[in-house]
Amino acid sequence: MNIIPYLLILVAYLLGAISSAIIFCKLAGLPDPREVGSHNAGATNVLRIGGKSSALGVLLFDILKGTLPVAIGIYLTLPPSQLGFIALAVCLGHIFPIFFQFRGGKGVATAFGAIAPLSFIVAGGAFGTWLVIFLIFGYSSLSAVMTALLVPFYIWWFEPQFTFPVALVCCLLVYRHHDNIQRLWRGQEDKIWNKFKKKA
């Protein structure tokens with residue numbers, strides 16, 4: 001029995017559970033992102049409370065921690081089903097981190113990082129979808145939700161062997177945005193640039 005895929009799934013979860021948002025904020029003397037702003041341990045909330053440099057660091061770390069275990073799996077020539085569940089594990093670690101009372105981020109950047117090695121075309125489509133929706137409407141949350149709803153179709157079209165685990169990841173992303181969806185429905189969600197106008 002080959003235990004390497006199972007070890008890599010465990011490593012992926014533990015790597016995902018390293019919350020860069022919480023760590024960066026602590027090192028910078030900023031409040032815990034889970035207690036202020038949108039109460040989310042992610043780059044967008046860190047941008048709000050800590051500025052561009054901190055948010056960029058969080059964004060890059062979260063993308064890379066999603067990419068690394070999947071890339072290792074590809075290097076080891078693991079089959080698509082195992083690669084898919086490695087991607088799912090790192091996203092679960094980010095969203096439900098064992099090191100931080102299972103209170104993590106929403107998983108958008110980490111999911112993007114995990115999907116990128118599986119298909120650069122799908123990753124490019126996901127980024128393009130997010131960007132277009134964001135530029136039109138100005139809501140980061142709406143961009144994330146709409147992208148999560150469309151990515152399973154992208155992956156099914158270009159890399160159908162990864163459809164099931166990627167669809168699970170996208171379901172997680174939509175679930176983690178349930179509060180944002182309610183605020184969008186009620187017209188209470190702030191646009192990104194409005195947040196900075198208020199801050200100014």
# chains A, B, ... in the order shown; residues from 1 in each chain; ligands from 1
call {"tool": "residues_around", "arguments": {"residues": "segment 69-82 of chain A", "least_positions_apart": "2", "cutoff": "9 Å", "atoms": "only C-alpha atoms", "output": "list in words"}}
result
Pro5, Tyr6, Leu8, Ile9, Val11, Ala12, Leu15, Lys65, Gly66, Thr67, Gly84, Phe85, Ile86, Ala87, Val90, Gly113, Ala114, Ile115, Ala116, Pro117, Leu118, Gln161, Phe162, Phe164 and Pro165 of chain A
call {"tool": "closest_atom_pairs", "arguments": {"of": "segment 60-152 of chain A", "to": "segment 25-33 of chain A", "cutoff": "12 Å", "atoms": "only C-alpha atoms", "output": "JSON lines"}}
result
{"residue": "A:Phe100", "atom": "CA", "partner": "A:Asp32", "partner_atom": "CA", "distance": 11.0}
{"residue": "A:Arg103", "atom": "CA", "partner": "A:Pro33", "partner_atom": "CA", "distance": 10.7}
{"residue": "A:Gly104", "atom": "CA", "partner": "A:Pro33", "partner_atom": "CA", "distance": 9.8}
{"residue": "A:Gly105", "atom": "CA", "partner": "A:Pro33", "partner_atom": "CA", "distance": 9.5}
call {"tool": "write_last_selection", "arguments": {"atoms": "N, CA, C and O atoms", "output": "short mmCIF file (atom, residue, chain, number, x, y, z; two decimals), in the first residue's frame"}}
result
data_model
loop_
_atom_site.label_atom_id
_atom_site.label_comp_id
_atom_site.auth_asym_id
_atom_site.auth_seq_id
_atom_site.Cartn_x
_atom_site.Cartn_y
_atom_site.Cartn_z
N PHE A 100 -5.57 27.29 14.70
CA PHE A 100 -6.23 28.55 15.05
C PHE A 100 -7.71 28.33 15.34
O PHE A 100 -8.56 29.04 14.83
N ARG A 103 -10.83 28.40 12.89
CA ARG A 103 -11.41 29.65 12.38
C ARG A 103 -10.44 30.27 11.38
O ARG A 103 -9.52 30.99 11.76
N GLY A 104 -10.62 29.95 10.12
CA GLY A 104 -9.70 30.42 9.10
C GLY A 104 -10.34 31.38 8.12
O GLY A 104 -11.35 32.03 8.41
N GLY A 105 -9.73 31.47 6.95
CA GLY A 105 -10.22 32.39 5.93
C GLY A 105 -11.26 31.73 5.03
O GLY A 105 -11.76 30.64 5.31
#
call {"tool": "atom_distance", "arguments": {"atom1": "atom CA of Phe134 of chain A", "atom2": "atom CA of Ser19 of chain A"}}
result
24.8 Å
call {"tool": "select_by_dssp", "arguments": {"residues": "segment 6-199 of chain A", "states": "alpha helix (DSSP H)", "output": "VMD selection string"}}
result
chain A and resid 6 to 16 20 to 27 43 to 50 52 to 75 80 to 95 108 to 118 120 to 137 140 to 158 163 to 176 178 to 186 192 to 199
call {"tool": "closest_residue", "arguments": {"among": "A:Gly57, A:Trp157, A:Ala21, A:His39", "to": "Asn180 of chain A", "atoms": "only C-alpha atoms"}}
result
A:His39
call {"tool": "closest_residue", "arguments": {"among": "A:Ile133, A:Val122, A:Ala111, A:Val174", "to": "Phe153 of chain A", "atoms": "only C-alpha atoms"}}
result
A:Val122
call {"tool": "atom_distance", "arguments": {"atom1": "atom CA of Asp62 of chain A", "atom2": "atom CA of Thr110 of chain A"}}
result
5.0 Å
call {"tool": "closest_residue", "arguments": {"among": "A:Leu59, A:Leu135, A:Ile155, A:Ile181", "to": "Ala167 of chain A", "atoms": "only C-alpha atoms"}}
result
A:Ile155
call {"tool": "residues_around", "arguments": {"residues": "Gly93 of chain A", "least_positions_apart": "4", "cutoff": "6 Å", "atoms": "only C-alpha atoms", "output": "list in words"}}
result
Tyr13, Gly16, Ala17 and Pro97 of chain A
call {"tool": "write_last_selection", "arguments": {"atoms": "C-alpha atoms", "output": "tab-separated table (two decimals), in the first residue's frame"}}
result
chain	number	residue	atom	x	y	z
A	13	TYR	CA	-4.06	20.14	5.33
A	16	GLY	CA	-3.19	25.06	4.63
A	17	ALA	CA	-3.80	25.47	8.36
A	97	PRO	CA	-7.13	25.50	10.57
